[in-house]
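Here is the structure we will look at, set down as structure tokens.
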Amino acid sequence: MSDPLRIGVAGLGRAFTLMLPTLRADPRVKLVAGTDPRPEAGALLAREFGARIHADVAALCADPEVEVVYVATPHQMHAEHVRLAAAAGKHALVEKPMAINLAQCQAMVDAARAAHTQLIIGHSHSFDLPYLKARAIVERGRLGAVRMVNAQYYTDFLYRPRRPEELDTAQGGGVIFSQAAHQIDIVRLLCGGRAVSVRAQTGAWDPARPTEGAYAALISFTDGVFATVVYSGYGAYDGDELAGWVGESGHPKNPDAYTSGRAKLAALSDAAAEAQAKAARNFGGAAYVPGAAPPHHQHFGHVVVCCERGDIRPGPAAVVSYGAAGRISEALPAPAVPRREVIDELWAAVREGVAPLHDGAWSLATLEVCLAILESARTGREVPLHHQVAPQPVRLA
Ligand SMILES: NC(=O)c1ccc[n+]([C@@H]2O[C@H](COP(=O)([O-])OP(=O)(O)OC[C@H]3O[C@@H](n4cnc5c(N)ncnc54)[C@H](O)[C@@H]3O)[C@@H](O)[C@H]2O)c1
């Protein structure tokens, strides 16, 4: 193995804490620097990793040791932080969603192209092994072409502590930007990427949290393929029941603790207290608890892929196919490194020059579908899509 990829982190918040078990465990990456306006986060990063702490993202990007900037700042900042990384000649791994509008996404693609740097958008749950494996089964062709995909997930997304802009759709708030970004990425991967149009409805049912908490969409793809996606973040039914009580992050889940988030939220007096509660749980914060490595793969709810000669159901412990040969369950090995698929793709792109699946063009197309869900719900019309691309073939380690 050549030298590990030297990572500088912009934004030491929730997304970073979820990526931290990966960054700790994968020998192909080394965390060398970071920046965050919260001094307690920088102090802990310096203590734990001996990382250099910079005053801002521009200084992080200028650090000669930093090779890849992991952009884990709020969505509305992604475009500017990728611009800074590319201007400094640094590769960028950017949290989903790529940005909050297509002009920002295009600027990010252009900046990386001009700088000859890699731009990878992730983690999104379409990196998770169950979906990559399902896509690989499709590519193998035994079950024939994909005809239809159904994806559904029910979570408590809306009742976790949020920053005010996370509850304001105009600033990228709500489940379309944060959660459809995962679900659409998965469905596009399984259906071959090239969506043609979207017809959708959205729900914003809680006046105290006035952004979309739910949606349902019918997505048409080329060759007559279609998909339905359904999501509710209103925290009543728990979609992890259909994943054997394995949560989104791959940890076993207590079904009876599910609604406690709502009760904790109700005890917070106002938006500032809620934002503080979120920050306190983040890296270096007073309520920060380091995440343990999960025993199962991460997932994003119940997904069924219908092909010409059978169906495929990816799950956190196995991918099951149903066809003429009967029911075949392919167990997934426990993840030695959680989310290692993100590092597989980053490593292959930066060290081996392999075109990444989740590049800028791919992720711009996912955001286009997300924005079309909002537009279709607003106008009551089917929305045509113009920026769709096919995925690169899946490379399984
Ligand atoms: N892939 C996943 O599973 C996942 C999970 C959560 C969040 N996310 C994504 O990660 C991004 C961040 O969301 P979050 O929930 O972590 O938010 P957060 O508020 O928990 O964290 C954001 C962090 O960025 C810091 N920050 C703010 N401005 C900054 C700046 N100018 N420079 C450097 N740091 C700055 C904040 O202090 C905070 O620590 C979003 O785009 C979100 O969609 C992805």
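In the structure tokens, chains take the letters A, B, ... in the order shown, each chain's residues start at 1, and ligands count up from 1 in the order shown.
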
Within region 58-243 of chain A, find each residue whose DSSP state, derived from the backbone, is strand (DSSP E or B), and express the selection as a compact mmCIF listing (two decimals) with all heavy atoms, in the first residue's frame.
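Below is the file that was written, out08.txt:
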# COMPACT_ATOMS: atom_id res chain seq x y z
N VAL A 68 -6.69 15.58 0.85
CA VAL A 68 -8.13 15.47 0.59
C VAL A 68 -8.85 16.28 1.65
O VAL A 68 -8.59 16.11 2.85
CB VAL A 68 -8.61 14.00 0.70
CG1 VAL A 68 -10.12 13.92 0.49
CG2 VAL A 68 -7.88 13.11 -0.28
N VAL A 69 -9.76 17.17 1.23
CA VAL A 69 -10.58 17.91 2.19
C VAL A 69 -11.92 17.20 2.31
O VAL A 69 -12.61 17.00 1.31
CB VAL A 69 -10.78 19.38 1.75
CG1 VAL A 69 -11.66 20.12 2.75
CG2 VAL A 69 -9.43 20.08 1.60
N TYR A 70 -12.25 16.75 3.53
CA TYR A 70 -13.55 16.14 3.78
C TYR A 70 -14.49 17.27 4.21
O TYR A 70 -14.35 17.82 5.31
CB TYR A 70 -13.40 15.06 4.86
CG TYR A 70 -14.68 14.52 5.44
CD1 TYR A 70 -15.83 14.32 4.66
CD2 TYR A 70 -14.76 14.18 6.79
CE1 TYR A 70 -17.00 13.83 5.20
CE2 TYR A 70 -15.93 13.67 7.34
CZ TYR A 70 -17.05 13.51 6.55
OH TYR A 70 -18.21 13.03 7.09
N VAL A 71 -15.42 17.62 3.33
CA VAL A 71 -16.32 18.75 3.56
C VAL A 71 -17.56 18.24 4.28
O VAL A 71 -18.43 17.61 3.67
CB VAL A 71 -16.69 19.45 2.23
CG1 VAL A 71 -17.67 20.59 2.48
CG2 VAL A 71 -15.43 19.95 1.52
N HIS A 91 -8.21 17.40 -3.44
CA HIS A 91 -9.38 16.57 -3.71
C HIS A 91 -10.43 16.86 -2.64
O HIS A 91 -10.09 17.27 -1.53
CB HIS A 91 -9.02 15.09 -3.68
CG HIS A 91 -7.87 14.75 -4.58
ND1 HIS A 91 -7.98 14.79 -5.95
CD2 HIS A 91 -6.59 14.39 -4.30
CE1 HIS A 91 -6.80 14.45 -6.48
NE2 HIS A 91 -5.95 14.22 -5.51
N ALA A 92 -11.71 16.58 -2.99
CA ALA A 92 -12.77 16.83 -2.01
C ALA A 92 -13.69 15.63 -1.89
O ALA A 92 -14.13 15.07 -2.90
CB ALA A 92 -13.58 18.07 -2.40
N LEU A 93 -13.93 15.22 -0.65
CA LEU A 93 -14.98 14.26 -0.31
C LEU A 93 -16.03 15.10 0.40
O LEU A 93 -15.74 15.71 1.43
CB LEU A 93 -14.42 13.19 0.64
CG LEU A 93 -15.44 12.21 1.24
CD1 LEU A 93 -16.05 11.32 0.16
CD2 LEU A 93 -14.79 11.33 2.33
N VAL A 94 -17.25 15.14 -0.16
CA VAL A 94 -18.26 16.09 0.31
C VAL A 94 -19.48 15.36 0.82
O VAL A 94 -20.01 14.48 0.12
CB VAL A 94 -18.71 17.01 -0.87
CG1 VAL A 94 -19.65 18.09 -0.37
CG2 VAL A 94 -17.51 17.62 -1.55
N LEU A 119 -13.64 14.80 -7.11
CA LEU A 119 -14.79 15.29 -6.34
C LEU A 119 -15.71 14.10 -6.13
O LEU A 119 -16.24 13.55 -7.10
CB LEU A 119 -15.50 16.40 -7.14
CG LEU A 119 -16.83 16.90 -6.58
CD1 LEU A 119 -16.66 17.53 -5.20
CD2 LEU A 119 -17.45 17.94 -7.55
N ILE A 120 -15.85 13.69 -4.87
CA ILE A 120 -16.70 12.53 -4.55
C ILE A 120 -17.71 12.98 -3.50
O ILE A 120 -17.35 13.64 -2.52
CB ILE A 120 -15.85 11.36 -4.00
CG1 ILE A 120 -14.89 10.87 -5.10
CG2 ILE A 120 -16.73 10.22 -3.50
CD1 ILE A 120 -13.98 9.73 -4.68
N ILE A 121 -18.98 12.64 -3.75
CA ILE A 121 -20.02 13.04 -2.81
C ILE A 121 -20.41 11.83 -1.97
O ILE A 121 -20.94 10.84 -2.48
CB ILE A 121 -21.27 13.60 -3.54
CG1 ILE A 121 -20.88 14.60 -4.64
CG2 ILE A 121 -22.24 14.20 -2.53
CD1 ILE A 121 -20.03 15.76 -4.21
N VAL A 146 -33.58 -4.73 -14.57
CA VAL A 146 -34.45 -4.16 -13.54
C VAL A 146 -35.70 -3.61 -14.20
O VAL A 146 -35.64 -2.97 -15.26
CB VAL A 146 -33.72 -3.04 -12.77
CG1 VAL A 146 -34.67 -2.32 -11.83
CG2 VAL A 146 -32.53 -3.60 -12.01
N ARG A 147 -36.85 -3.88 -13.58
CA ARG A 147 -38.13 -3.35 -14.07
C ARG A 147 -38.70 -2.28 -13.14
O ARG A 147 -39.31 -1.31 -13.59
CB ARG A 147 -39.16 -4.49 -14.18
CG ARG A 147 -38.84 -5.51 -15.26
CD ARG A 147 -38.84 -4.84 -16.60
NE ARG A 147 -38.92 -5.82 -17.67
CZ ARG A 147 -38.51 -5.57 -18.90
NH1 ARG A 147 -37.96 -4.41 -19.20
NH2 ARG A 147 -38.63 -6.47 -19.83
N MET A 148 -38.55 -2.52 -11.82
CA MET A 148 -39.19 -1.62 -10.85
C MET A 148 -38.43 -1.70 -9.54
O MET A 148 -37.95 -2.78 -9.16
CB MET A 148 -40.64 -2.06 -10.64
CG MET A 148 -41.38 -1.33 -9.55
SD MET A 148 -43.10 -1.88 -9.39
CE MET A 148 -42.92 -3.33 -8.36
N VAL A 149 -38.34 -0.58 -8.84
CA VAL A 149 -37.77 -0.57 -7.50
C VAL A 149 -38.75 0.12 -6.56
O VAL A 149 -39.38 1.12 -6.94
CB VAL A 149 -36.40 0.17 -7.47
CG1 VAL A 149 -35.92 0.38 -6.04
CG2 VAL A 149 -35.35 -0.63 -8.26
N ASN A 150 -38.90 -0.44 -5.36
CA ASN A 150 -39.69 0.23 -4.33
C ASN A 150 -38.79 0.47 -3.12
O ASN A 150 -38.13 -0.47 -2.64
CB ASN A 150 -40.89 -0.63 -3.93
CG ASN A 150 -41.59 -0.07 -2.70
OD1 ASN A 150 -41.60 -0.67 -1.66
ND2 ASN A 150 -42.12 1.14 -2.83
N ALA A 151 -38.73 1.71 -2.66
CA ALA A 151 -37.93 2.03 -1.48
C ALA A 151 -38.79 2.79 -0.49
O ALA A 151 -39.48 3.74 -0.88
CB ALA A 151 -36.72 2.88 -1.88
N GLN A 152 -38.76 2.37 0.76
CA GLN A 152 -39.53 3.09 1.78
C GLN A 152 -38.77 3.12 3.09
O GLN A 152 -38.05 2.18 3.42
CB GLN A 152 -40.90 2.44 1.99
CG GLN A 152 -40.81 0.99 2.44
CD GLN A 152 -42.17 0.41 2.79
OE1 GLN A 152 -43.11 0.51 2.03
NE2 GLN A 152 -42.27 -0.19 3.96
N TYR A 153 -38.92 4.22 3.83
CA TYR A 153 -38.25 4.32 5.12
C TYR A 153 -39.07 5.24 6.02
O TYR A 153 -39.55 6.29 5.57
CB TYR A 153 -36.83 4.87 4.96
CG TYR A 153 -35.86 4.46 6.06
CD1 TYR A 153 -36.16 3.44 6.97
CD2 TYR A 153 -34.63 5.10 6.21
CE1 TYR A 153 -35.26 3.07 7.96
CE2 TYR A 153 -33.72 4.72 7.19
CZ TYR A 153 -34.05 3.70 8.06
OH TYR A 153 -33.16 3.33 9.04
N TYR A 154 -39.20 4.83 7.28
CA TYR A 154 -39.95 5.60 8.28
C TYR A 154 -39.00 5.82 9.46
O TYR A 154 -38.53 4.85 10.06
CB TYR A 154 -41.19 4.83 8.74
CG TYR A 154 -42.21 4.63 7.64
CD1 TYR A 154 -42.06 3.64 6.68
CD2 TYR A 154 -43.33 5.46 7.56
CE1 TYR A 154 -42.98 3.48 5.66
CE2 TYR A 154 -44.27 5.30 6.56
CZ TYR A 154 -44.09 4.30 5.61
OH TYR A 154 -45.01 4.14 4.60
N ALA A 195 -32.87 8.82 -14.76
CA ALA A 195 -34.29 9.11 -14.52
C ALA A 195 -34.78 10.08 -15.58
O ALA A 195 -34.02 10.91 -16.10
CB ALA A 195 -34.46 9.69 -13.13
N VAL A 196 -36.05 9.95 -15.92
CA VAL A 196 -36.63 10.77 -16.99
C VAL A 196 -37.56 11.85 -16.42
O VAL A 196 -37.56 12.99 -16.86
CB VAL A 196 -37.43 9.86 -17.97
CG1 VAL A 196 -38.18 10.68 -19.00
CG2 VAL A 196 -36.49 8.86 -18.63
N SER A 197 -38.37 11.46 -15.44
CA SER A 197 -39.31 12.44 -14.86
C SER A 197 -39.73 12.00 -13.46
O SER A 197 -39.54 10.85 -13.06
CB SER A 197 -40.54 12.58 -15.75
OG SER A 197 -41.28 11.39 -15.72
N VAL A 198 -40.31 12.96 -12.74
CA VAL A 198 -40.74 12.74 -11.36
C VAL A 198 -42.14 13.30 -11.15
O VAL A 198 -42.44 14.42 -11.60
CB VAL A 198 -39.79 13.48 -10.37
CG1 VAL A 198 -40.30 13.38 -8.94
CG2 VAL A 198 -38.38 12.94 -10.46
N ARG A 199 -42.98 12.54 -10.48
CA ARG A 199 -44.28 13.04 -10.00
C ARG A 199 -44.30 12.79 -8.51
O ARG A 199 -44.06 11.65 -8.07
CB ARG A 199 -45.41 12.28 -10.71
CG ARG A 199 -46.79 12.73 -10.32
CD ARG A 199 -47.11 14.11 -10.91
NE ARG A 199 -48.49 14.48 -10.60
CZ ARG A 199 -48.86 15.10 -9.48
NH1 ARG A 199 -47.99 15.41 -8.55
NH2 ARG A 199 -50.12 15.41 -9.29
N ALA A 200 -44.53 13.81 -7.71
CA ALA A 200 -44.37 13.64 -6.26
C ALA A 200 -45.36 14.47 -5.46
O ALA A 200 -45.95 15.43 -5.96
CB ALA A 200 -42.95 14.05 -5.87
N GLN A 201 -45.52 14.08 -4.21
CA GLN A 201 -46.23 14.87 -3.21
C GLN A 201 -45.31 14.94 -1.98
O GLN A 201 -44.55 14.01 -1.72
CB GLN A 201 -47.54 14.20 -2.78
CG GLN A 201 -48.56 14.04 -3.89
CD GLN A 201 -49.36 15.32 -4.16
OE1 GLN A 201 -49.06 16.37 -3.57
NE2 GLN A 201 -50.34 15.23 -5.04
N THR A 202 -45.40 16.04 -1.26
CA THR A 202 -44.63 16.15 -0.02
C THR A 202 -45.58 16.51 1.12
O THR A 202 -46.66 17.07 0.89
CB THR A 202 -43.54 17.25 -0.12
OG1 THR A 202 -44.18 18.49 -0.43
CG2 THR A 202 -42.52 16.91 -1.19
N GLY A 203 -45.15 16.22 2.34
CA GLY A 203 -45.95 16.58 3.51
C GLY A 203 -45.14 17.41 4.48
O GLY A 203 -44.00 17.07 4.78
N ALA A 214 -42.10 14.50 5.02
CA ALA A 214 -42.49 13.26 4.33
C ALA A 214 -42.63 13.53 2.83
O ALA A 214 -42.84 14.67 2.41
CB ALA A 214 -43.83 12.76 4.88
N TYR A 215 -42.49 12.47 2.07
CA TYR A 215 -42.73 12.57 0.63
C TYR A 215 -43.05 11.21 0.06
O TYR A 215 -42.72 10.17 0.66
CB TYR A 215 -41.51 13.16 -0.13
CG TYR A 215 -40.23 12.38 0.04
CD1 TYR A 215 -39.93 11.28 -0.77
CD2 TYR A 215 -39.31 12.72 1.04
CE1 TYR A 215 -38.75 10.56 -0.60
CE2 TYR A 215 -38.13 12.01 1.20
CZ TYR A 215 -37.85 10.93 0.39
OH TYR A 215 -36.69 10.22 0.57
N ALA A 216 -43.70 11.24 -1.10
CA ALA A 216 -43.88 10.02 -1.90
C ALA A 216 -43.66 10.45 -3.35
O ALA A 216 -44.12 11.51 -3.77
CB ALA A 216 -45.28 9.45 -1.73
N ALA A 217 -42.92 9.65 -4.12
CA ALA A 217 -42.63 10.03 -5.50
C ALA A 217 -42.62 8.82 -6.41
O ALA A 217 -42.24 7.71 -5.99
CB ALA A 217 -41.27 10.74 -5.58
N LEU A 218 -43.08 9.03 -7.63
CA LEU A 218 -42.99 8.03 -8.69
C LEU A 218 -41.95 8.56 -9.68
O LEU A 218 -42.11 9.67 -10.22
CB LEU A 218 -44.34 7.86 -9.38
CG LEU A 218 -44.36 6.97 -10.62
CD1 LEU A 218 -44.00 5.53 -10.27
CD2 LEU A 218 -45.74 7.01 -11.28
N ILE A 219 -40.90 7.80 -9.89
CA ILE A 219 -39.80 8.24 -10.76
C ILE A 219 -39.76 7.32 -11.98
O ILE A 219 -39.69 6.10 -11.84
CB ILE A 219 -38.44 8.17 -10.02
CG1 ILE A 219 -38.54 8.93 -8.70
CG2 ILE A 219 -37.32 8.74 -10.89
CD1 ILE A 219 -37.36 8.70 -7.78
N SER A 220 -39.83 7.92 -13.16
CA SER A 220 -39.71 7.14 -14.40
C SER A 220 -38.27 7.20 -14.88
O SER A 220 -37.63 8.26 -14.83
CB SER A 220 -40.61 7.72 -15.49
OG SER A 220 -41.94 7.71 -15.05
N PHE A 221 -37.78 6.05 -15.34
CA PHE A 221 -36.42 5.95 -15.88
C PHE A 221 -36.49 5.58 -17.35
O PHE A 221 -37.58 5.25 -17.87
CB PHE A 221 -35.63 4.87 -15.11
CG PHE A 221 -35.23 5.29 -13.72
CD1 PHE A 221 -36.14 5.22 -12.67
CD2 PHE A 221 -33.96 5.77 -13.46
CE1 PHE A 221 -35.77 5.61 -11.39
CE2 PHE A 221 -33.59 6.17 -12.18
CZ PHE A 221 -34.50 6.09 -11.14
N PHE A 226 -39.33 1.94 -13.61
CA PHE A 226 -39.89 2.96 -12.70
C PHE A 226 -39.63 2.59 -11.25
O PHE A 226 -39.37 1.43 -10.92
CB PHE A 226 -41.38 3.19 -12.95
CG PHE A 226 -42.22 1.94 -12.88
CD1 PHE A 226 -42.85 1.57 -11.71
CD2 PHE A 226 -42.40 1.16 -14.01
CE1 PHE A 226 -43.63 0.42 -11.65
CE2 PHE A 226 -43.18 0.01 -13.96
CZ PHE A 226 -43.79 -0.37 -12.78
N ALA A 227 -39.69 3.62 -10.39
CA ALA A 227 -39.43 3.42 -8.96
C ALA A 227 -40.40 4.25 -8.14
O ALA A 227 -40.80 5.34 -8.56
CB ALA A 227 -38.00 3.85 -8.63
N THR A 228 -40.76 3.71 -6.98
CA THR A 228 -41.50 4.51 -6.01
C THR A 228 -40.63 4.69 -4.78
O THR A 228 -39.94 3.76 -4.34
CB THR A 228 -42.81 3.81 -5.58
OG1 THR A 228 -42.51 2.50 -5.13
CG2 THR A 228 -43.81 3.77 -6.71
N VAL A 229 -40.64 5.90 -4.25
CA VAL A 229 -39.92 6.17 -3.00
C VAL A 229 -40.90 6.80 -2.02
O VAL A 229 -41.68 7.68 -2.39
CB VAL A 229 -38.69 7.09 -3.21
CG1 VAL A 229 -37.60 6.39 -4.01
CG2 VAL A 229 -39.07 8.39 -3.89
N VAL A 230 -40.87 6.31 -0.80
CA VAL A 230 -41.76 6.82 0.25
C VAL A 230 -40.92 7.05 1.49
O VAL A 230 -40.10 6.21 1.85
CB VAL A 230 -42.88 5.79 0.56
CG1 VAL A 230 -43.67 6.20 1.80
CG2 VAL A 230 -43.80 5.60 -0.64
N TYR A 231 -41.10 8.20 2.12
CA TYR A 231 -40.32 8.50 3.33
C TYR A 231 -41.18 9.28 4.30
O TYR A 231 -41.90 10.21 3.89
CB TYR A 231 -39.07 9.34 2.96
CG TYR A 231 -38.15 9.53 4.14
CD1 TYR A 231 -37.07 8.68 4.34
CD2 TYR A 231 -38.37 10.54 5.07
CE1 TYR A 231 -36.24 8.82 5.45
CE2 TYR A 231 -37.55 10.69 6.18
CZ TYR A 231 -36.48 9.84 6.35
OH TYR A 231 -35.66 9.97 7.44
N SER A 232 -41.11 8.93 5.55
CA SER A 232 -41.69 9.77 6.61
C SER A 232 -40.69 9.89 7.74
O SER A 232 -40.15 8.88 8.21
CB SER A 232 -42.99 9.19 7.15
OG SER A 232 -43.33 9.91 8.34

* **Phe127 (chain A) environment, 12 Å, only C-alpha atoms, sequence neighbours closer than 6 positions dropped, as a PyMOL selection string** => chain A and resi 96+120-121+133-135+182-183+185-187+189-190+297-300+338-346+356-358+394-396

* **Residues within 7 Å of ligand 1, counting only C-alpha atoms and all ligand atoms, as a list of chain:residue names** => A:Ala10, A:Gly11, A:Leu12, A:Gly13, A:Arg14, A:Ala15, A:Phe16, A:Leu18, A:Thr35, A:Asp36, A:Pro37, A:Arg38, A:Asp56, A:Val57, A:Ala72, A:Thr73, A:Pro74, A:His75, A:Glu95, A:Lys96, A:Pro97, A:Gly122, A:His123, A:Ser124, A:Arg163, A:Ser178, A:Lys278, A:Ala279, A:Asn282

Could you list, with a cut-off of 7 Å and counting only C-alpha atoms, the residues of region 81-159 of chain A near region 234-244 of chain A, each shown with its nearest atom pair and the distance in Å rounded to one decimal, rows sorted by chain and ascending number, as JSON lines?
{"residue": "A:Tyr153", "atom": "CA", "partner": "A:Gly239", "partner_atom": "CA", "distance": 5.3}
{"residue": "A:Tyr154", "atom": "CA", "partner": "A:Gly239", "partner_atom": "CA", "distance": 4.4}
{"residue": "A:Thr155", "atom": "CA", "partner": "A:Gly235", "partner_atom": "CA", "distance": 5.3}
{"residue": "A:Asp156", "atom": "CA", "partner": "A:Gly235", "partner_atom": "CA", "distance": 3.6}
{"residue": "A:Phe157", "atom": "CA", "partner": "A:Tyr234", "partner_atom": "CA", "distance": 6.8}
{"residue": "A:Leu158", "atom": "CA", "partner": "A:Tyr234", "partner_atom": "CA", "distance": 5.9}
{"residue": "A:Tyr159", "atom": "CA", "partner": "A:Gly235", "partner_atom": "CA", "distance": 6.9}

For the residues selected in the previous step, produce a file with N, CA and C atoms as a tab-separated table (two decimals), in the first residue's frame.
chain	number	residue	atom	x	y	z
A	153	TYR	N	-38.92	4.22	3.83
A	153	TYR	CA	-38.25	4.32	5.12
A	153	TYR	C	-39.07	5.24	6.02
A	154	TYR	N	-39.20	4.83	7.28
A	154	TYR	CA	-39.95	5.60	8.28
A	154	TYR	C	-39.00	5.82	9.46
A	155	THR	N	-38.71	7.08	9.77
A	155	THR	CA	-37.71	7.41	10.81
A	155	THR	C	-38.25	8.53	11.71
A	156	ASP	N	-37.40	8.95	12.66
A	156	ASP	CA	-37.75	10.11	13.50
A	156	ASP	C	-36.91	11.33	13.10
A	157	PHE	N	-36.53	11.40	11.82
A	157	PHE	CA	-35.62	12.45	11.35
A	157	PHE	C	-36.02	13.84	11.84
A	158	LEU	N	-37.31	14.15	11.78
A	158	LEU	CA	-37.74	15.52	12.07
A	158	LEU	C	-37.65	15.85	13.56
A	159	TYR	N	-37.52	14.82	14.39
A	159	TYR	CA	-37.53	15.05	15.84
A	159	TYR	C	-36.18	14.78	16.49

* **Near-Lys264 (chain A) list (9 Å; only C-alpha atoms; drop same-chain fewer than 3 positions) as a VMD selection string** => chain A and resid 160 to 161 260 to 261 267 to 268

* Rank A:Gly50, A:Gly310, A:Gly291, A:Gly174 by their smallest atom-to-atom distance to Thr22 (chain A), using only C-alpha atoms, and report the top residue only. =>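 Going through A:Gly50, A:Gly310, A:Gly291, A:Gly174 one by one, the smallest distance to Thr22 (chain A) is for A:Gly291.
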
* To do: Please identify all polymer residues within 9 Å of region 321-325 of chain A, counting only C-alpha atoms, omitting same-chain residues fewer than 5 positions from it, and present them as a ChimeraX atom specification.
  => /A:134,137,143,309-314,330

* **Nearest to Val246 (chain A) by atom-to-atom distance, counting only C-alpha atoms, from A:Gly315, A:Ala88, A:Val29, A:Ala170** =>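 Once distances to Val246 (chain A) are computed over only C-alpha atoms, the minimum belongs to A:Gly315.
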
* **Which of region 45-147 of chain A DSSP labels alpha helix (DSSP H), written as a VMD selection string** => chain A and resid 45 to 49 57 to 62 78 to 87 102 to 115 129 to 140
